[in-house]
$ cat data-v4.txt   # compact mmCIF, C-alpha atoms
# COMPACT_ATOMS: atom_id res chain seq x y z
CA MET A 70 -156.80 54.67 111.86
CA THR A 71 -155.61 58.22 112.62
CA THR A 72 -152.25 59.91 113.13
CA ALA A 73 -152.96 60.00 116.86
CA GLU A 74 -152.64 56.22 116.97
CA LEU A 75 -149.03 56.33 115.79
CA ASP A 76 -146.53 55.81 118.63
CA PRO A 77 -145.82 59.42 119.73
CA LEU A 78 -142.34 58.47 120.92
CA ILE A 79 -141.31 57.35 117.43
CA HIS A 80 -143.50 59.70 115.38
CA VAL A 81 -141.02 62.56 115.66
CA PRO A 82 -138.51 63.06 112.81
CA THR A 83 -135.37 62.94 114.92
CA ARG A 84 -136.38 59.93 117.00
CA LEU A 85 -137.65 58.14 113.91
CA LYS A 86 -134.20 58.57 112.37
CA ILE A 87 -132.51 57.31 115.53
CA VAL A 88 -134.69 54.23 115.82
CA ALA A 89 -134.50 53.43 112.08
CA THR A 90 -130.71 53.76 112.15
CA LEU A 91 -130.32 51.50 115.19
CA ALA A 92 -132.72 48.97 113.62
CA ALA A 93 -130.26 48.59 110.72
CA LEU A 94 -127.78 46.99 113.13
CA PRO A 95 -127.88 43.20 113.40
CA ASP A 96 -129.31 41.82 116.64
CA GLY A 97 -126.69 41.84 119.39
CA ASP A 98 -124.71 44.78 117.96
CA THR A 99 -124.29 48.21 119.50
CA LEU A 100 -123.34 51.55 117.95
CA SER A 101 -121.10 54.16 119.50
CA PHE A 102 -122.66 57.50 120.38
CA THR A 103 -120.23 59.35 118.10
CA ARG A 104 -120.95 57.14 115.07
CA LEU A 105 -124.70 57.50 115.63
CA GLN A 106 -124.29 61.26 115.95
CA ASP A 107 -122.30 61.28 112.72
CA MET A 108 -124.92 59.23 110.89
CA ILE A 109 -127.91 61.23 112.13
CA GLY A 110 -126.23 64.64 111.96
CA LEU A 111 -127.30 65.97 115.37
CA THR A 112 -125.52 67.95 118.03
CA PRO A 113 -124.47 65.83 121.04
CA GLY A 114 -126.87 67.69 123.35
CA ASN A 115 -129.85 67.19 121.06
CA LEU A 116 -129.02 63.52 120.54
CA ILE A 117 -128.70 62.90 124.28
CA ILE A 118 -132.16 64.35 124.90
CA HIS A 119 -133.81 62.12 122.34
CA LEU A 120 -131.87 59.05 123.46
CA ARG A 121 -132.94 59.67 127.03
CA LYS A 122 -136.61 59.70 126.02
CA LEU A 123 -136.19 56.47 124.10
CA GLU A 124 -134.29 54.87 126.97
CA GLU A 125 -136.98 55.85 129.49
CA ALA A 126 -139.47 53.95 127.31
CA ASP A 127 -137.09 50.96 127.17
CA TYR A 128 -136.78 51.33 123.37
CA ILE A 129 -132.99 51.56 123.56
CA THR A 130 -130.24 50.66 125.99
CA SER A 131 -127.03 52.55 126.49
CA SER A 132 -123.84 51.60 128.24
CA LYS A 133 -120.55 53.27 129.00
CA THR A 134 -117.19 51.54 128.85
CA SER A 135 -113.86 53.04 129.77
CA ASN A 136 -110.50 52.08 128.35
CA GLY A 137 -108.62 54.11 130.94
CA THR A 138 -108.27 57.32 128.96
CA ALA A 139 -111.67 57.73 127.34
CA THR A 140 -115.24 56.70 127.99
CA ILE A 141 -117.18 55.24 125.10
CA THR A 142 -120.96 55.31 125.13
CA THR A 143 -122.74 52.72 123.03
CA VAL A 144 -126.43 52.42 122.24
CA ALA A 145 -128.62 49.66 120.85
CA LEU A 146 -132.25 49.05 120.10
CA THR A 147 -133.95 46.70 122.60
CA GLY A 148 -136.31 43.92 121.55
CA HIS A 149 -139.11 46.13 122.84
CA GLY A 150 -137.86 49.02 120.69
CA ARG A 151 -137.56 46.82 117.59
CA LYS A 152 -141.12 45.59 118.17
CA ALA A 153 -142.33 49.18 118.63
CA LEU A 154 -140.75 50.18 115.31
CA GLU A 155 -142.39 47.20 113.57
CA THR A 156 -145.77 48.18 115.04
CA TYR A 157 -145.20 51.82 114.05
CA THR A 158 -144.23 50.81 110.50
CA GLN A 159 -147.32 48.64 110.15
CA ALA A 160 -149.55 51.40 111.56
CA LEU A 161 -148.03 53.82 109.07
CA ARG A 162 -148.73 51.41 106.21
CA ASP A 163 -152.32 50.92 107.36
CA LEU A 164 -152.80 54.66 107.68
CA LEU A 165 -151.37 55.45 104.28
CA GLY A 166 -153.24 52.59 102.70
CA GLY A 167 -156.40 54.06 104.10
CA LEU A 168 -155.76 57.58 102.87
CA MET B 250 -132.75 70.54 132.87
CA ASN B 251 -134.25 72.37 129.91
CA VAL B 252 -135.46 70.05 127.21
CA THR B 253 -134.87 71.13 123.63
CA PRO B 254 -138.12 70.88 121.69
CA ASP B 255 -138.31 68.17 119.05
CA THR B 256 -137.20 69.58 115.75
CA THR B 257 -138.98 70.22 112.46
CA ALA B 258 -142.43 68.96 113.37
CA GLY B 259 -142.96 69.71 117.02
CA ASN B 260 -143.87 66.59 118.94
CA GLY B 261 -145.12 64.71 115.95
CA GLY B 262 -148.60 66.16 115.86
CA THR B 263 -147.91 67.93 112.57
CA PHE B 264 -145.54 65.30 111.22
CA ASP B 265 -147.27 64.13 108.08
CA PRO B 266 -147.50 60.31 107.84
CA ARG B 267 -146.34 60.43 104.22
CA GLU B 268 -143.24 62.38 105.27
CA ALA B 269 -142.73 59.89 108.11
CA ALA B 270 -142.93 56.94 105.71
CA ALA B 271 -140.47 58.60 103.32
CA LEU B 272 -138.08 59.48 106.15
CA LEU B 273 -138.26 55.95 107.59
CA ASP B 274 -137.54 54.39 104.20
CA GLN B 275 -134.72 56.81 103.37
CA THR B 276 -133.07 56.50 106.81
CA SER B 277 -133.30 52.70 106.85
CA ARG B 278 -131.71 52.36 103.42
CA LYS B 279 -128.97 54.88 104.22
CA ALA B 280 -128.15 53.20 107.54
CA ARG B 281 -128.03 49.72 106.00
CA ARG B 282 -125.74 51.04 103.26
CA GLN B 283 -123.41 52.84 105.69
CA LEU B 284 -123.20 49.90 108.12
CA SER B 285 -122.74 47.19 105.50
CA PRO B 286 -119.16 45.82 105.48
CA ALA B 287 -119.72 44.45 101.96
CA GLN B 288 -120.41 47.11 99.36
CA PRO B 289 -121.90 46.07 95.99
CA TRP B 290 -119.68 48.48 94.03
CA LEU B 291 -116.52 47.02 95.58
CA LEU B 292 -117.69 43.43 95.07
CA SER B 293 -118.44 44.25 91.42
CA ILE B 294 -115.01 45.83 90.86
CA ARG B 295 -113.36 42.83 92.51
CA GLY B 296 -115.43 40.52 90.29
CA VAL B 297 -114.16 42.23 87.16
CA LEU B 298 -110.56 42.54 88.36
CA VAL B 299 -110.21 38.89 89.39
CA LEU B 300 -111.41 37.86 85.95
CA ALA B 301 -108.93 40.25 84.31
CA ALA B 302 -105.99 39.15 86.51
CA LEU B 303 -106.51 35.40 86.23
CA GLY B 304 -107.57 35.74 82.60
CA ALA B 305 -104.25 37.49 81.88
CA VAL B 306 -102.40 34.55 83.44
CA TRP B 307 -104.45 32.07 81.42
CA PHE B 308 -103.56 33.93 78.19
CA THR B 309 -99.86 33.51 78.95
CA VAL B 310 -100.09 29.77 79.63
CA ARG B 311 -102.89 28.51 77.38
CA ASP B 312 -100.61 27.44 74.54
CA GLN B 313 -97.83 25.88 76.64
CA HIS B 314 -97.03 22.28 75.65
CA PRO B 315 -95.79 20.92 77.96
CA TYR B 316 -97.17 23.13 80.69
CA GLN B 317 -94.45 25.16 82.44
CA GLY B 318 -96.48 27.62 84.46
CA PRO B 319 -97.16 31.32 84.27
CA HIS B 320 -94.49 33.90 83.58
CA GLY B 321 -93.21 35.88 86.57
CA SER B 322 -94.82 39.10 85.32
CA ALA B 323 -98.21 37.38 85.14
CA LEU B 324 -97.85 36.22 88.73
CA LEU B 325 -96.98 39.79 89.68
CA ILE B 326 -100.37 40.87 88.29
CA VAL B 327 -102.06 38.27 90.47
CA ALA B 328 -100.05 39.34 93.52
CA ALA B 329 -100.95 43.00 92.87
CA PHE B 330 -104.62 42.02 92.62
CA VAL B 331 -104.48 40.08 95.89
CA ILE B 332 -102.83 42.99 97.74
CA LEU B 333 -105.20 45.58 96.22
CA ASN B 334 -108.20 43.38 96.91
CA PHE B 335 -107.22 42.77 100.54
CA THR B 336 -106.39 46.43 101.22
CA ALA B 337 -109.58 47.82 99.66
CA THR B 338 -111.79 45.22 101.36
CA MET B 339 -110.26 45.88 104.78
CA ALA B 340 -110.49 49.67 104.33
CA VAL B 341 -114.17 49.57 103.35
CA ARG B 342 -114.96 47.11 106.13
CA ALA B 343 -113.14 49.21 108.76
CA ARG B 344 -115.10 52.29 107.70
CA ALA B 345 -118.44 50.46 107.80
CA VAL B 346 -117.96 48.87 111.21
CA ALA B 347 -116.39 51.91 112.90
CA GLY B 348 -118.22 52.38 116.19
CA VAL B 349 -120.03 49.04 115.84
CA SER B 350 -119.39 46.39 118.43
CA GLY B 351 -121.02 43.11 119.24
CA ARG B 352 -121.96 39.93 117.50
CA SER B 353 -121.29 40.93 113.89
CA ARG B 354 -117.60 41.67 114.57
CA TYR B 355 -115.25 38.75 113.95
CA THR B 356 -113.92 37.26 117.17
CA PRO B 357 -110.14 36.69 117.57
CA VAL B 358 -110.78 32.93 117.31
CA GLU B 359 -112.65 33.35 114.00
CA ILE B 360 -109.88 35.56 112.61
CA ALA B 361 -107.26 32.98 113.64
CA VAL B 362 -109.26 30.12 112.09
CA LEU B 363 -109.73 32.00 108.79
CA ALA B 364 -106.06 33.05 108.67
CA GLY B 365 -105.08 29.44 109.40
CA ALA B 366 -107.27 28.26 106.53
CA TRP B 367 -105.14 30.43 104.22
CA VAL B 368 -101.72 29.68 105.68
CA VAL B 369 -101.93 25.96 106.53
CA PRO B 370 -102.48 24.77 102.91
CA TYR B 371 -99.37 26.68 101.79
CA VAL B 372 -97.30 25.25 104.65
CA VAL B 373 -98.47 21.72 103.81
CA MET B 374 -97.83 22.17 100.07
CA VAL B 375 -94.35 23.57 100.68
CA ALA B 376 -93.63 20.64 102.99
CA LEU B 377 -94.82 18.24 100.28
CA GLY B 378 -92.78 20.03 97.60
CA VAL B 379 -95.77 21.31 95.61
CA THR B 380 -94.02 24.53 94.65
CA GLY B 381 -92.82 24.17 91.07
CA ASP B 382 -94.10 26.37 88.25
CA ASN B 383 -95.95 23.46 86.71
CA GLN B 384 -97.84 22.96 89.97
CA SER B 385 -98.70 26.62 90.51
CA GLY B 386 -102.38 25.89 89.90
CA TYR B 387 -102.54 23.98 93.19
CA LEU B 388 -101.16 27.01 95.02
CA LEU B 389 -104.28 28.79 93.77
CA THR B 390 -106.96 26.14 94.14
CA VAL B 391 -106.16 24.28 97.38
CA PRO B 392 -106.25 27.42 99.58
CA LEU B 393 -109.52 28.42 97.90
CA ILE B 394 -111.10 25.10 98.91
CA SER B 395 -109.72 25.39 102.43
CA VAL B 396 -110.76 29.02 102.94
CA GLY B 397 -114.13 28.58 101.24
CA LEU B 398 -115.13 25.63 103.42
CA THR B 399 -113.78 27.24 106.60
CA TYR B 400 -115.57 30.52 105.87
CA ALA B 401 -118.80 28.64 105.16
CA ALA B 402 -118.48 26.79 108.49
CA VAL B 403 -117.79 30.00 110.44
CA MET B 404 -120.74 31.74 108.78
CA ALA B 405 -123.01 28.71 109.39
CA VAL B 406 -122.30 29.04 113.12
CA ARG B 407 -123.44 32.67 112.78
CA SER B 408 -126.51 31.63 110.72
CA ALA B 409 -125.31 34.02 107.99
CA TRP B 410 -126.64 31.92 105.13
CA ARG B 411 -125.77 34.25 102.25
CA SER B 412 -122.15 34.19 103.39
CA VAL B 413 -122.32 30.39 103.73
CA GLY B 414 -123.31 30.32 100.05
CA THR B 415 -120.36 32.55 99.17
CA GLY B 416 -117.94 30.26 101.03
CA ILE B 417 -119.31 27.16 99.32
CA ALA B 418 -119.12 28.88 95.92
CA VAL B 419 -115.44 29.71 96.54
CA ALA B 420 -114.71 26.10 97.57
CA VAL B 421 -116.56 24.73 94.52
CA THR B 422 -114.53 27.11 92.31
CA GLY B 423 -111.31 25.75 93.82
CA ALA B 424 -112.46 22.16 93.31
CA ALA B 425 -113.48 22.88 89.70
CA GLY B 426 -110.01 24.35 89.14
CA VAL B 427 -108.37 21.16 90.45
CA ILE B 428 -110.54 19.03 88.16
CA ALA B 429 -109.88 21.29 85.14
CA GLY B 430 -106.14 20.91 85.62
CA GLN B 431 -103.42 22.93 83.89
CA PRO B 432 -103.64 25.36 82.15
CA ALA B 433 -107.46 25.72 82.28
CA VAL B 434 -107.35 26.14 86.07
CA TRP B 435 -106.57 29.86 85.70
CA ALA B 436 -109.59 30.51 83.50
CA VAL B 437 -111.90 28.30 85.56
CA VAL B 438 -110.94 29.95 88.85
CA GLY B 439 -111.13 33.44 87.30
CA VAL B 440 -114.64 32.82 85.96
CA GLY B 441 -115.77 31.05 89.16
CA LEU B 442 -114.57 33.80 91.51
CA SER B 443 -115.94 36.49 89.21
CA ILE B 444 -119.40 34.89 89.20
CA THR B 445 -119.25 34.47 92.99
CA LEU B 446 -118.31 38.12 93.54
CA LEU B 447 -120.85 39.50 91.05
CA GLY B 448 -123.53 37.24 92.56
CA SER B 449 -122.64 38.51 96.04
CA ALA B 450 -122.80 42.10 94.75
CA ALA B 451 -126.31 41.50 93.39
CA ALA B 452 -127.45 39.83 96.64
CA VAL B 453 -126.05 42.63 98.82
CA ALA B 454 -127.53 45.32 96.54
CA TRP B 455 -130.95 43.66 96.81
CA GLN B 456 -130.61 43.48 100.60
CA LEU B 457 -129.63 47.13 100.88
CA HIS B 458 -132.35 48.47 98.62
CA ARG B 459 -135.34 46.47 99.81
CA SER B 460 -137.99 48.51 101.64

$ encode --input "data-v4.txt" --output "structure tokens"
Amino acid sequence: MTTAELDPLIHVPTRLKIVATLAALPDGDTLSFTRLQDMIGLTPGNLIIHLRKLEEADYITSSKTSNGTATITTVALTGHGRKALETYTQALRDLLGGL
Amino acid sequence: MNVTPDTTAGNGGTFDPREAAALLDQTSRKARRQLSPAQPWLLSIRGVLVLAALGAVWFTVRDQHPYQGPHGSALLIVAAFVILNFTATMAVRARAVAGVSGRSRYTPVEIAVLAGAWVVPYVVMVALGVTGDNQSGYLLTVPLISVGLTYAAVMAVRSAWRSVGTGIAVAVTGAAGVIAGQPAVWAVVGVGLSITLLGSAAAVAWQLHRS
């Protein structure tokens, strides 16, 4: 196995942190954009770009809710995204085991 | 729209797998720790404090013949522990679940059921006249049985089996206190709750630190 076989969408430091953080949530839970930003330590613009890439691949879902005065964006890992992280983690183990 | 390049290692091509594995492990552990509403350090402190508070009460009543109940100052220690315990637990939980929504949050129905499990036993005991100093042990044990069993049932519905175990342990502690009778009830409940809390702390710590 080579590095090229690692999922290129996840094998980027920032996106790996995003996916690993969202995977820590129990199934069925979502995390607000601001809390995720706080936990990862990214600027909003940078986070949005990475989230968009993950959402295009159906690794995460995002939704907006409004309480009248403010809009809250929440994100969560999809089943597909959780599976992709599991596959990535296993590929990483295989790769490192083989080094 | 201009896309900001991925940081630190380009698009992953130069991202060393060893660094990736370390980052994945570190981020997962940190996220689990930050999102966990139950913190091992707080559970451990609570485990020690409950033993100290109820142990202090037991020291004041252990030589009473006939049993008259704990002194008012001893009950104040217990009340202070309950308030401190509740406040610290709620503060830590609120910080952990900030920004989290969904299944892991308690529903209004669950909150009402758990609050009822605390309040109803007191209402029933007051109605039955179980309020004298020499019956103060029941004011401690009966709510523990009620809350422990209710919490276990609520957590069973959520398939949260570690929490089910905690609820059952609390109920068993209450039942053991009833069986022990006065004045041993204070020591039995103190030791039982302390073991439950320290056991929970160990279980949560293991969960948070596993790879």

$ closest_atom_pairs --input "data-v4.txt" --of "chain B" --to "chain A" --cutoff "6 Å" --atoms "all atoms listed in the file" --output "tab-separated table"
residue	atom	partner	partner_atom	distance
B:Asn260	CA	A:Val81	CA	5.9
B:Gly261	CA	A:Val81	CA	4.6
B:Ser277	CA	A:Ala89	CA	5.4
B:Ala280	CA	A:Thr90	CA	5.3
B:Arg281	CA	A:Ala93	CA	5.3
B:Gly348	CA	A:Ser101	CA	4.7
B:Val349	CA	A:Leu100	CA	4.7
B:Ser350	CA	A:Thr99	CA	5.3
B:Gly351	CA	A:Asp98	CA	4.2
B:Arg352	CA	A:Gly97	CA	5.4

$ atom_distance --input "data-v4.txt" --atom1 "CA of Lys152 (chain A)" --atom2 "CA of Thr130 (chain A)"
14.3 Å

$ axis_aligned_box --input "data-v4.txt" --around "region 365-383 of chain B" --padding-each-side "6 Å" --output "lines of an AutoDock Vina configuration file"
center_x = -100.0
center_y = 24.3
center_z = 98.1
size_x = 26.5
size_y = 24.2
size_z = 34.7

$ atom_distance --input "data-v4.txt" --atom1 "CA of Val396 (chain B)" --atom2 "CA of Tyr355 (chain B)"
15.4 Å

$ atom_distance --input "data-v4.txt" --atom1 "CA of Pro113 (chain A)" --atom2 "CA of Thr140 (chain A)"
14.7 Å

$ residues_around --input "data-v4.txt" --residues "region 290-301 of chain B" --least-positions-apart "3" --cutoff "10 Å" --atoms "all atoms listed in the file" --output "NGL selection string"
:B and (287 or 304-307 or 326-327 or 330-331 or 333-334 or 337-338 or 341 or 435-451 or 453-454)

$ closest_residue --input "data-v4.txt" --among "A:Lys133, A:Ile117, A:Asp163, A:Ala126" --to "Thr147 (chain A)" --atoms "all atoms listed in the file"
A:Ala126

$ residues_around --input "data-v4.txt" --residues "region 397-408 of chain B" --least-positions-apart "2" --cutoff "8 Å" --atoms "all atoms listed in the file" --output "list in words"
Glu359, Val362, Leu363, Ala366, Leu393, Ile394, Ser395, Trp410, Ser412, Val413, Gly414, Thr415, Gly416, Ile417, Ala418, Val419 and Ala420 of chain B

$ closest_residue --input "data-v4.txt" --among "B:Gln283, B:Gln288, B:Thr309, B:Thr380" --to "Ser322 (chain B)" --atoms "all atoms listed in the file"
B:Thr309

$ closest_residue --input "data-v4.txt" --among "B:His314, B:His458, B:His320, B:Arg411" --to "Asp274 (chain B)" --atoms "all atoms listed in the file"
B:His458

$ closest_residue --input "data-v4.txt" --among "B:Leu324, B:Ala424, B:Ala433, B:Val391" --to "Val372 (chain B)" --atoms "only C-alpha atoms"
B:Val391
